[in-house]
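One structure is given below, encoded as structure tokens.
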Amino acid sequence: MNRIALGLAALGRPAYINLGREGALPPARDVESMRAATFEVLDAAYAAGVRHVDVARSYGRSEEFLAGWLTERGHADVEISSKWGYAYVGQWRLDAEVHEVKEHSAARFAAQWAETLALLGERVGLYQVHSLTVDSPLFTDEPLVAALAELAANGVAVGFSTSGPRQADAIERAFALEVAGRPVFSAVQSTWNLLEPSAGRALEAARAAGNRVLVKETLANGRLAVEAPAVVREIAAAHGTGPDAVAVAAVLGQDWADRAVIGPASPAQLAANLRATTLALSAEERGALADLAEDPQEYWRHRSSLQWD
């Protein structure tokens with residue numbers, strides 16, 4: 001369980017793009033119902049031994065829900081990572097035309113770090129740039145880079161998440177950023193799954209250089225659970241488990257992955273995901289699963305077509 005992180009992207013707001021989420025959530029998605037659902041999943045994860053929770057400013061009220069849960073339960077041994085860069089603008093509506101807006105600027109960082117601190121305080125051990133791409137203005141924004149370096153110097157690990165078909169390029173460029181001869185970033189959270197493993201070599205190199213590696217979208221936004229390819233379903237059946245466990249086990253099978261971030265919407269989905277921690281895939285099974293990789297451009301084009309619901 002020390003290699004599992006619980007992500008609250010699917011629980012901190014009423015709409016998201018994960019397939020298979022709708023039936024797992026409360027019939028009413030008002031704030032209090034979603035808060036209660038979040039507490040249920042957090043309780044189940046903690047009972048199972050998960051001690052890392054990943055949130056973001058753009059995940060609706062995820063930081064608020066997590067802060068409330070920590071206060072009520074009194075747990076002092078939970079590691080917290082959060083992200084800045086996107087703002088949630090969906091106004092708690094399922095039918096919002098825009099749910100989040102991205103901005104990598106010094107002003108956005110300062111504002112969102114203050115918001116995160118107000119809710120979670122010094123419990124945040126890792127603060128990440130949300131969805132850093134190789135063409136982000138961050139790379140040429142000296143005040144922003146200096147502010148991130150200052151945060152790192154003050155004891156908060158600074159990282160970044162990536163998305164898109166050029167994740168590897170973003171990873172390499174980000175870890176090359178330095179201030180006064182010291183790297184700005186010490187952690188990365190990237191998409192890697194059976195359908196989109198293209199960042200693997202860059203992540204392996206990052207880990208070999210001493211950086212921390214978290215893997216997100218382990219289920220390809222639910223595709224590997226709801227629309228699992230035949231080979232995934234066959235391997236799952238052979239192990240007496242679900243396709244989601246096979247997909248997460250494939251991530252845990254990568255030696256360079258420190259954490260696999262999972263995003264269940266209910267305790268039942270959490271339990272199904274966590275079966276991966278006891279699932280050992282054979283070399284033959286890993287080879288069969290490796291053949292599922294899609295062209296990165298096609299994968300990200302498909303992801304961008306998923307509807308918020």
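Here, A, B, ... name the chains of the structure tokens in the order displayed, residue numbers run from 1 inside each chain, and ligands are numbered from 1 in the same displayed order.
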List the neighbours of Leu70 in chain A out to 12 Å using only C-alpha atoms; skip same-chain residues closer than 2 positions along the sequence, and give me the result as a PDB file with all heavy atoms, in the first residue's frame.
```pdb
ATOM      1  N   THR A  38     -16.738  11.450  -0.465  1.00  0.00           N
ATOM      2  CA  THR A  38     -15.282  11.590  -0.337  1.00  0.00           C
ATOM      3  C   THR A  38     -14.806  11.026   0.992  1.00  0.00           C
ATOM      4  O   THR A  38     -13.797  10.297   1.049  1.00  0.00           O
ATOM      5  CB  THR A  38     -14.872  13.072  -0.452  1.00  0.00           C
ATOM      6  OG1 THR A  38     -15.309  13.591  -1.712  1.00  0.00           O
ATOM      7  CG2 THR A  38     -13.365  13.227  -0.339  1.00  0.00           C
ATOM      8  N   PHE A  39     -15.507  11.343   2.065  1.00  0.00           N
ATOM      9  CA  PHE A  39     -15.138  10.817   3.380  1.00  0.00           C
ATOM     10  C   PHE A  39     -15.188   9.289   3.394  1.00  0.00           C
ATOM     11  O   PHE A  39     -14.326   8.636   4.001  1.00  0.00           O
ATOM     12  CB  PHE A  39     -16.068  11.380   4.455  1.00  0.00           C
ATOM     13  CG  PHE A  39     -15.699  12.749   4.957  1.00  0.00           C
ATOM     14  CD1 PHE A  39     -15.148  13.705   4.111  1.00  0.00           C
ATOM     15  CD2 PHE A  39     -15.904  13.101   6.280  1.00  0.00           C
ATOM     16  CE1 PHE A  39     -14.802  14.975   4.568  1.00  0.00           C
ATOM     17  CE2 PHE A  39     -15.570  14.370   6.752  1.00  0.00           C
ATOM     18  CZ  PHE A  39     -15.030  15.306   5.899  1.00  0.00           C
ATOM     19  N   LEU A  42     -12.102   8.036   1.560  1.00  0.00           N
ATOM     20  CA  LEU A  42     -10.914   8.301   2.384  1.00  0.00           C
ATOM     21  C   LEU A  42     -10.845   7.343   3.568  1.00  0.00           C
ATOM     22  O   LEU A  42      -9.767   6.816   3.895  1.00  0.00           O
ATOM     23  CB  LEU A  42     -10.931   9.745   2.869  1.00  0.00           C
ATOM     24  CG  LEU A  42     -10.570  10.816   1.836  1.00  0.00           C
ATOM     25  CD1 LEU A  42     -10.951  12.204   2.348  1.00  0.00           C
ATOM     26  CD2 LEU A  42      -9.081  10.770   1.512  1.00  0.00           C
ATOM     27  N   ASP A  43     -11.971   7.098   4.220  1.00  0.00           N
ATOM     28  CA  ASP A  43     -11.998   6.158   5.349  1.00  0.00           C
ATOM     29  C   ASP A  43     -11.581   4.762   4.901  1.00  0.00           C
ATOM     30  O   ASP A  43     -10.792   4.080   5.571  1.00  0.00           O
ATOM     31  CB  ASP A  43     -13.395   6.100   5.966  1.00  0.00           C
ATOM     32  CG  ASP A  43     -13.708   7.305   6.852  1.00  0.00           C
ATOM     33  OD1 ASP A  43     -12.767   7.966   7.323  1.00  0.00           O
ATOM     34  OD2 ASP A  43     -14.907   7.576   7.062  1.00  0.00           O
ATOM     35  N   TYR A  46      -7.818   4.679   4.058  1.00  0.00           N
ATOM     36  CA  TYR A  46      -6.987   4.704   5.258  1.00  0.00           C
ATOM     37  C   TYR A  46      -7.023   3.343   5.958  1.00  0.00           C
ATOM     38  O   TYR A  46      -5.984   2.835   6.405  1.00  0.00           O
ATOM     39  CB  TYR A  46      -7.458   5.806   6.205  1.00  0.00           C
ATOM     40  CG  TYR A  46      -6.493   6.049   7.345  1.00  0.00           C
ATOM     41  CD1 TYR A  46      -5.437   6.937   7.194  1.00  0.00           C
ATOM     42  CD2 TYR A  46      -6.634   5.372   8.560  1.00  0.00           C
ATOM     43  CE1 TYR A  46      -4.533   7.155   8.230  1.00  0.00           C
ATOM     44  CE2 TYR A  46      -5.733   5.592   9.592  1.00  0.00           C
ATOM     45  CZ  TYR A  46      -4.691   6.474   9.428  1.00  0.00           C
ATOM     46  OH  TYR A  46      -3.790   6.669  10.451  1.00  0.00           O
ATOM     47  N   ARG A  51      -1.725   5.830   2.607  1.00  0.00           N
ATOM     48  CA  ARG A  51      -1.337   6.987   3.410  1.00  0.00           C
ATOM     49  C   ARG A  51      -0.915   8.195   2.571  1.00  0.00           C
ATOM     50  O   ARG A  51      -0.290   9.111   3.081  1.00  0.00           O
ATOM     51  CB  ARG A  51      -0.181   6.606   4.352  1.00  0.00           C
ATOM     52  CG  ARG A  51      -0.561   5.588   5.412  1.00  0.00           C
ATOM     53  CD  ARG A  51      -1.563   6.171   6.405  1.00  0.00           C
ATOM     54  NE  ARG A  51      -1.860   5.251   7.487  1.00  0.00           N
ATOM     55  CZ  ARG A  51      -2.837   4.348   7.457  1.00  0.00           C
ATOM     56  NH1 ARG A  51      -3.612   4.251   6.379  1.00  0.00           N
ATOM     57  NH2 ARG A  51      -3.047   3.538   8.483  1.00  0.00           N
ATOM     58  N   VAL A  53      -2.547  11.032  -0.222  1.00  0.00           N
ATOM     59  CA  VAL A  53      -3.723  11.567  -0.909  1.00  0.00           C
ATOM     60  C   VAL A  53      -3.276  12.701  -1.827  1.00  0.00           C
ATOM     61  O   VAL A  53      -2.544  13.606  -1.404  1.00  0.00           O
ATOM     62  CB  VAL A  53      -4.789  12.077   0.076  1.00  0.00           C
ATOM     63  CG1 VAL A  53      -6.008  12.602  -0.688  1.00  0.00           C
ATOM     64  CG2 VAL A  53      -5.201  10.972   1.038  1.00  0.00           C
ATOM     65  N   GLU A  63      -9.523  19.869  -1.812  1.00  0.00           N
ATOM     66  CA  GLU A  63      -8.683  20.277  -0.683  1.00  0.00           C
ATOM     67  C   GLU A  63      -9.542  20.549   0.552  1.00  0.00           C
ATOM     68  O   GLU A  63      -9.162  20.184   1.670  1.00  0.00           O
ATOM     69  CB  GLU A  63      -7.863  21.515  -1.048  1.00  0.00           C
ATOM     70  CG  GLU A  63      -6.752  21.259  -2.043  1.00  0.00           C
ATOM     71  CD  GLU A  63      -5.872  22.470  -2.248  1.00  0.00           C
ATOM     72  OE1 GLU A  63      -6.307  23.601  -1.927  1.00  0.00           O
ATOM     73  OE2 GLU A  63      -4.743  22.304  -2.732  1.00  0.00           O
ATOM     74  N   GLU A  64     -10.682  21.177   0.341  1.00  0.00           N
ATOM     75  CA  GLU A  64     -11.588  21.460   1.457  1.00  0.00           C
ATOM     76  C   GLU A  64     -12.096  20.167   2.084  1.00  0.00           C
ATOM     77  O   GLU A  64     -12.118  20.016   3.311  1.00  0.00           O
ATOM     78  CB  GLU A  64     -12.772  22.288   0.955  1.00  0.00           C
ATOM     79  CG  GLU A  64     -13.855  22.533   1.994  1.00  0.00           C
ATOM     80  CD  GLU A  64     -15.111  23.127   1.382  1.00  0.00           C
ATOM     81  OE1 GLU A  64     -15.002  23.883   0.398  1.00  0.00           O
ATOM     82  OE2 GLU A  64     -16.214  22.807   1.883  1.00  0.00           O
ATOM     83  N   PHE A  65     -12.522  19.215   1.242  1.00  0.00           N
ATOM     84  CA  PHE A  65     -13.017  17.934   1.752  1.00  0.00           C
ATOM     85  C   PHE A  65     -11.922  17.206   2.523  1.00  0.00           C
ATOM     86  O   PHE A  65     -12.164  16.658   3.607  1.00  0.00           O
ATOM     87  CB  PHE A  65     -13.514  17.057   0.610  1.00  0.00           C
ATOM     88  CG  PHE A  65     -14.758  17.548  -0.077  1.00  0.00           C
ATOM     89  CD1 PHE A  65     -15.190  16.948  -1.252  1.00  0.00           C
ATOM     90  CD2 PHE A  65     -15.510  18.591   0.430  1.00  0.00           C
ATOM     91  CE1 PHE A  65     -16.342  17.383  -1.894  1.00  0.00           C
ATOM     92  CE2 PHE A  65     -16.666  19.036  -0.200  1.00  0.00           C
ATOM     93  CZ  PHE A  65     -17.079  18.427  -1.371  1.00  0.00           C
ATOM     94  N   LEU A  66     -10.720  17.173   1.962  1.00  0.00           N
ATOM     95  CA  LEU A  66      -9.606  16.483   2.620  1.00  0.00           C
ATOM     96  C   LEU A  66      -9.271  17.148   3.948  1.00  0.00           C
ATOM     97  O   LEU A  66      -9.058  16.455   4.958  1.00  0.00           O
ATOM     98  CB  LEU A  66      -8.382  16.489   1.702  1.00  0.00           C
ATOM     99  CG  LEU A  66      -7.094  15.890   2.288  1.00  0.00           C
ATOM    100  CD1 LEU A  66      -7.301  14.449   2.726  1.00  0.00           C
ATOM    101  CD2 LEU A  66      -5.948  16.000   1.284  1.00  0.00           C
ATOM    102  N   ALA A  67      -9.247  18.473   3.974  1.00  0.00           N
ATOM    103  CA  ALA A  67      -8.949  19.185   5.217  1.00  0.00           C
ATOM    104  C   ALA A  67      -9.987  18.862   6.286  1.00  0.00           C
ATOM    105  O   ALA A  67      -9.641  18.635   7.458  1.00  0.00           O
ATOM    106  CB  ALA A  67      -8.906  20.690   4.960  1.00  0.00           C
ATOM    107  N   GLY A  68     -11.258  18.828   5.902  1.00  0.00           N
ATOM    108  CA  GLY A  68     -12.313  18.505   6.858  1.00  0.00           C
ATOM    109  C   GLY A  68     -12.190  17.091   7.387  1.00  0.00           C
ATOM    110  O   GLY A  68     -12.394  16.838   8.592  1.00  0.00           O
ATOM    111  N   GLU A  72     -11.575  15.957  11.294  1.00  0.00           N
ATOM    112  CA  GLU A  72     -12.522  15.089  12.003  1.00  0.00           C
ATOM    113  C   GLU A  72     -11.882  13.786  12.468  1.00  0.00           C
ATOM    114  O   GLU A  72     -12.163  13.302  13.563  1.00  0.00           O
ATOM    115  CB  GLU A  72     -13.714  14.768  11.097  1.00  0.00           C
ATOM    116  CG  GLU A  72     -14.694  15.910  10.934  1.00  0.00           C
ATOM    117  CD  GLU A  72     -16.006  15.457  10.332  1.00  0.00           C
ATOM    118  OE1 GLU A  72     -16.274  14.224  10.301  1.00  0.00           O
ATOM    119  OE2 GLU A  72     -16.785  16.328   9.896  1.00  0.00           O
ATOM    120  N   ARG A  73     -11.023  13.223  11.638  1.00  0.00           N
ATOM    121  CA  ARG A  73     -10.449  11.917  11.971  1.00  0.00           C
ATOM    122  C   ARG A  73      -9.183  12.034  12.812  1.00  0.00           C
ATOM    123  O   ARG A  73      -8.793  11.092  13.498  1.00  0.00           O
ATOM    124  CB  ARG A  73     -10.141  11.129  10.691  1.00  0.00           C
ATOM    125  CG  ARG A  73     -11.329  10.901   9.772  1.00  0.00           C
ATOM    126  CD  ARG A  73     -12.406  10.074  10.433  1.00  0.00           C
ATOM    127  NE  ARG A  73     -13.454   9.707   9.485  1.00  0.00           N
ATOM    128  CZ  ARG A  73     -14.614  10.339   9.347  1.00  0.00           C
ATOM    129  NH1 ARG A  73     -14.871  11.409  10.105  1.00  0.00           N
ATOM    130  NH2 ARG A  73     -15.512   9.944   8.471  1.00  0.00           N
ATOM    131  N   GLY A  74      -8.492  13.136  12.717  1.00  0.00           N
ATOM    132  CA  GLY A  74      -7.283  13.333  13.513  1.00  0.00           C
ATOM    133  C   GLY A  74      -6.068  12.565  13.023  1.00  0.00           C
ATOM    134  O   GLY A  74      -5.100  12.416  13.771  1.00  0.00           O
ATOM    135  N   HIS A  75      -6.080  12.104  11.785  1.00  0.00           N
ATOM    136  CA  HIS A  75      -4.936  11.358  11.262  1.00  0.00           C
ATOM    137  C   HIS A  75      -3.745  12.292  11.026  1.00  0.00           C
ATOM    138  O   HIS A  75      -3.874  13.310  10.350  1.00  0.00           O
ATOM    139  CB  HIS A  75      -5.303  10.665   9.949  1.00  0.00           C
ATOM    140  CG  HIS A  75      -6.401   9.661  10.074  1.00  0.00           C
ATOM    141  ND1 HIS A  75      -6.433   8.711  11.072  1.00  0.00           N
ATOM    142  CD2 HIS A  75      -7.519   9.450   9.321  1.00  0.00           C
ATOM    143  CE1 HIS A  75      -7.509   7.962  10.935  1.00  0.00           C
ATOM    144  NE2 HIS A  75      -8.191   8.390   9.890  1.00  0.00           N
ATOM    145  N   ALA A  76      -2.617  11.916  11.559  1.00  0.00           N
ATOM    146  CA  ALA A  76      -1.420  12.745  11.412  1.00  0.00           C
ATOM    147  C   ALA A  76      -0.373  12.102  10.507  1.00  0.00           C
ATOM    148  O   ALA A  76       0.712  12.666  10.315  1.00  0.00           O
ATOM    149  CB  ALA A  76      -0.804  13.010  12.782  1.00  0.00           C
ATOM    150  N   ASP A  77      -0.682  10.940   9.948  1.00  0.00           N
ATOM    151  CA  ASP A  77       0.311  10.192   9.172  1.00  0.00           C
ATOM    152  C   ASP A  77      -0.040  10.119   7.690  1.00  0.00           C
ATOM    153  O   ASP A  77       0.397   9.207   6.984  1.00  0.00           O
ATOM    154  CB  ASP A  77       0.463   8.779   9.731  1.00  0.00           C
ATOM    155  CG  ASP A  77      -0.847   7.997   9.754  1.00  0.00           C
ATOM    156  OD1 ASP A  77      -1.920   8.626   9.594  1.00  0.00           O
ATOM    157  OD2 ASP A  77      -0.807   6.754   9.932  1.00  0.00           O
ATOM    158  N   VAL A  78      -0.816  11.083   7.201  1.00  0.00           N
ATOM    159  CA  VAL A  78      -1.208  11.091   5.796  1.00  0.00           C
ATOM    160  C   VAL A  78      -0.355  12.080   5.017  1.00  0.00           C
ATOM    161  O   VAL A  78      -0.263  13.255   5.378  1.00  0.00           O
ATOM    162  CB  VAL A  78      -2.704  11.464   5.636  1.00  0.00           C
ATOM    163  CG1 VAL A  78      -3.079  11.560   4.163  1.00  0.00           C
ATOM    164  CG2 VAL A  78      -3.577  10.435   6.344  1.00  0.00           C
ATOM    165  N   GLU A  79       0.283  11.596   3.977  1.00  0.00           N
ATOM    166  CA  GLU A  79       1.066  12.457   3.095  1.00  0.00           C
ATOM    167  C   GLU A  79       0.120  13.127   2.103  1.00  0.00           C
ATOM    168  O   GLU A  79      -0.778  12.486   1.554  1.00  0.00           O
ATOM    169  CB  GLU A  79       2.105  11.631   2.339  1.00  0.00           C
ATOM    170  CG  GLU A  79       2.951  12.442   1.377  1.00  0.00           C
ATOM    171  CD  GLU A  79       3.946  11.586   0.599  1.00  0.00           C
ATOM    172  OE1 GLU A  79       3.919  10.352   0.757  1.00  0.00           O
ATOM    173  OE2 GLU A  79       4.727  12.165  -0.159  1.00  0.00           O
ATOM    174  N   ILE A  80       0.341  14.417   1.851  1.00  0.00           N
ATOM    175  CA  ILE A  80      -0.533  15.164   0.954  1.00  0.00           C
ATOM    176  C   ILE A  80       0.279  15.784  -0.171  1.00  0.00           C
ATOM    177  O   ILE A  80       1.313  16.420   0.061  1.00  0.00           O
ATOM    178  CB  ILE A  80      -1.282  16.282   1.698  1.00  0.00           C
ATOM    179  CG1 ILE A  80      -2.152  15.696   2.807  1.00  0.00           C
ATOM    180  CG2 ILE A  80      -2.136  17.100   0.725  1.00  0.00           C
ATOM    181  CD1 ILE A  80      -2.759  16.747   3.717  1.00  0.00           C
ATOM    182  N   LEU A 119      -6.096  25.924   3.677  1.00  0.00           N
ATOM    183  CA  LEU A 119      -6.879  24.717   3.927  1.00  0.00           C
ATOM    184  C   LEU A 119      -6.056  23.591   4.554  1.00  0.00           C
ATOM    185  O   LEU A 119      -6.502  22.921   5.483  1.00  0.00           O
ATOM    186  CB  LEU A 119      -7.503  24.215   2.619  1.00  0.00           C
ATOM    187  CG  LEU A 119      -8.671  25.049   2.077  1.00  0.00           C
ATOM    188  CD1 LEU A 119      -8.969  24.659   0.629  1.00  0.00           C
ATOM    189  CD2 LEU A 119      -9.909  24.851   2.943  1.00  0.00           C
ATOM    190  N   LEU A 120      -4.857  23.392   4.057  1.00  0.00           N
ATOM    191  CA  LEU A 120      -4.079  22.209   4.442  1.00  0.00           C
ATOM    192  C   LEU A 120      -2.799  22.533   5.214  1.00  0.00           C
ATOM    193  O   LEU A 120      -2.154  21.629   5.741  1.00  0.00           O
ATOM    194  CB  LEU A 120      -3.738  21.392   3.191  1.00  0.00           C
ATOM    195  CG  LEU A 120      -4.963  20.801   2.479  1.00  0.00           C
ATOM    196  CD1 LEU A 120      -4.568  20.278   1.100  1.00  0.00           C
ATOM    197  CD2 LEU A 120      -5.587  19.694   3.314  1.00  0.00           C
ATOM    198  N   GLY A 121      -2.445  23.801   5.262  1.00  0.00           N
ATOM    199  CA  GLY A 121      -1.298  24.212   6.051  1.00  0.00           C
ATOM    200  C   GLY A 121      -0.009  23.523   5.658  1.00  0.00           C
ATOM    201  O   GLY A 121       0.208  23.178   4.488  1.00  0.00           O
ATOM    202  N   ARG A 123       0.892  20.628   6.064  1.00  0.00           N
ATOM    203  CA  ARG A 123       0.796  19.194   5.802  1.00  0.00           C
ATOM    204  C   ARG A 123       1.109  18.854   4.356  1.00  0.00           C
ATOM    205  O   ARG A 123       1.341  17.688   4.031  1.00  0.00           O
ATOM    206  CB  ARG A 123      -0.592  18.694   6.171  1.00  0.00           C
ATOM    207  CG  ARG A 123      -0.945  18.938   7.627  1.00  0.00           C
ATOM    208  CD  ARG A 123      -2.138  18.148   8.069  1.00  0.00           C
ATOM    209  NE  ARG A 123      -1.886  16.719   7.967  1.00  0.00           N
ATOM    210  CZ  ARG A 123      -2.544  15.785   8.646  1.00  0.00           C
ATOM    211  NH1 ARG A 123      -3.483  16.157   9.502  1.00  0.00           N
ATOM    212  NH2 ARG A 123      -2.281  14.518   8.515  1.00  0.00           N
TER     213      ARG A 123
END
```
Could you give me the residues within range 131-281 of chain A that DSSP places in strand (DSSP E), as a list of chain:residue names? A:Ser131, A:Leu132, A:Ala157, A:Val158, A:Gly159, A:Phe160, A:Ser161, A:Thr162, A:Glu178, A:Val179, A:Arg182, A:Pro183, A:Ala187, A:Val188, A:Gln189, A:Ser190, A:Thr191, A:Arg212, A:Val213, A:Leu214, A:Val215, A:Lys216, A:Arg259, A:Ala260, A:Val261, A:Ile262
For each of A:Trp92, A:Phe185, A:Trp84, A:Phe139, take the minimum atom-to-atom distance to Ala114 in chain A, counting only C-alpha atoms, then give the residue where this is smallest. A:Trp84
Selected residue, from A:Trp192, A:Trp113, A:Trp308, A:Tyr86, that lies nearest to Gly164 in chain A when counting only C-alpha atoms: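 Looking at the shortest contact to Gly164 in chain A, the residue is A:Trp192.
Contact shell of Ser161 in chain A at 8 Å (only C-alpha atoms; same-chain neighbours under 3 positions omitted): A:Gln128, A:Val129, A:His130, A:Ser131, A:Leu132, A:Val188, A:Gln189, A:Ser190.
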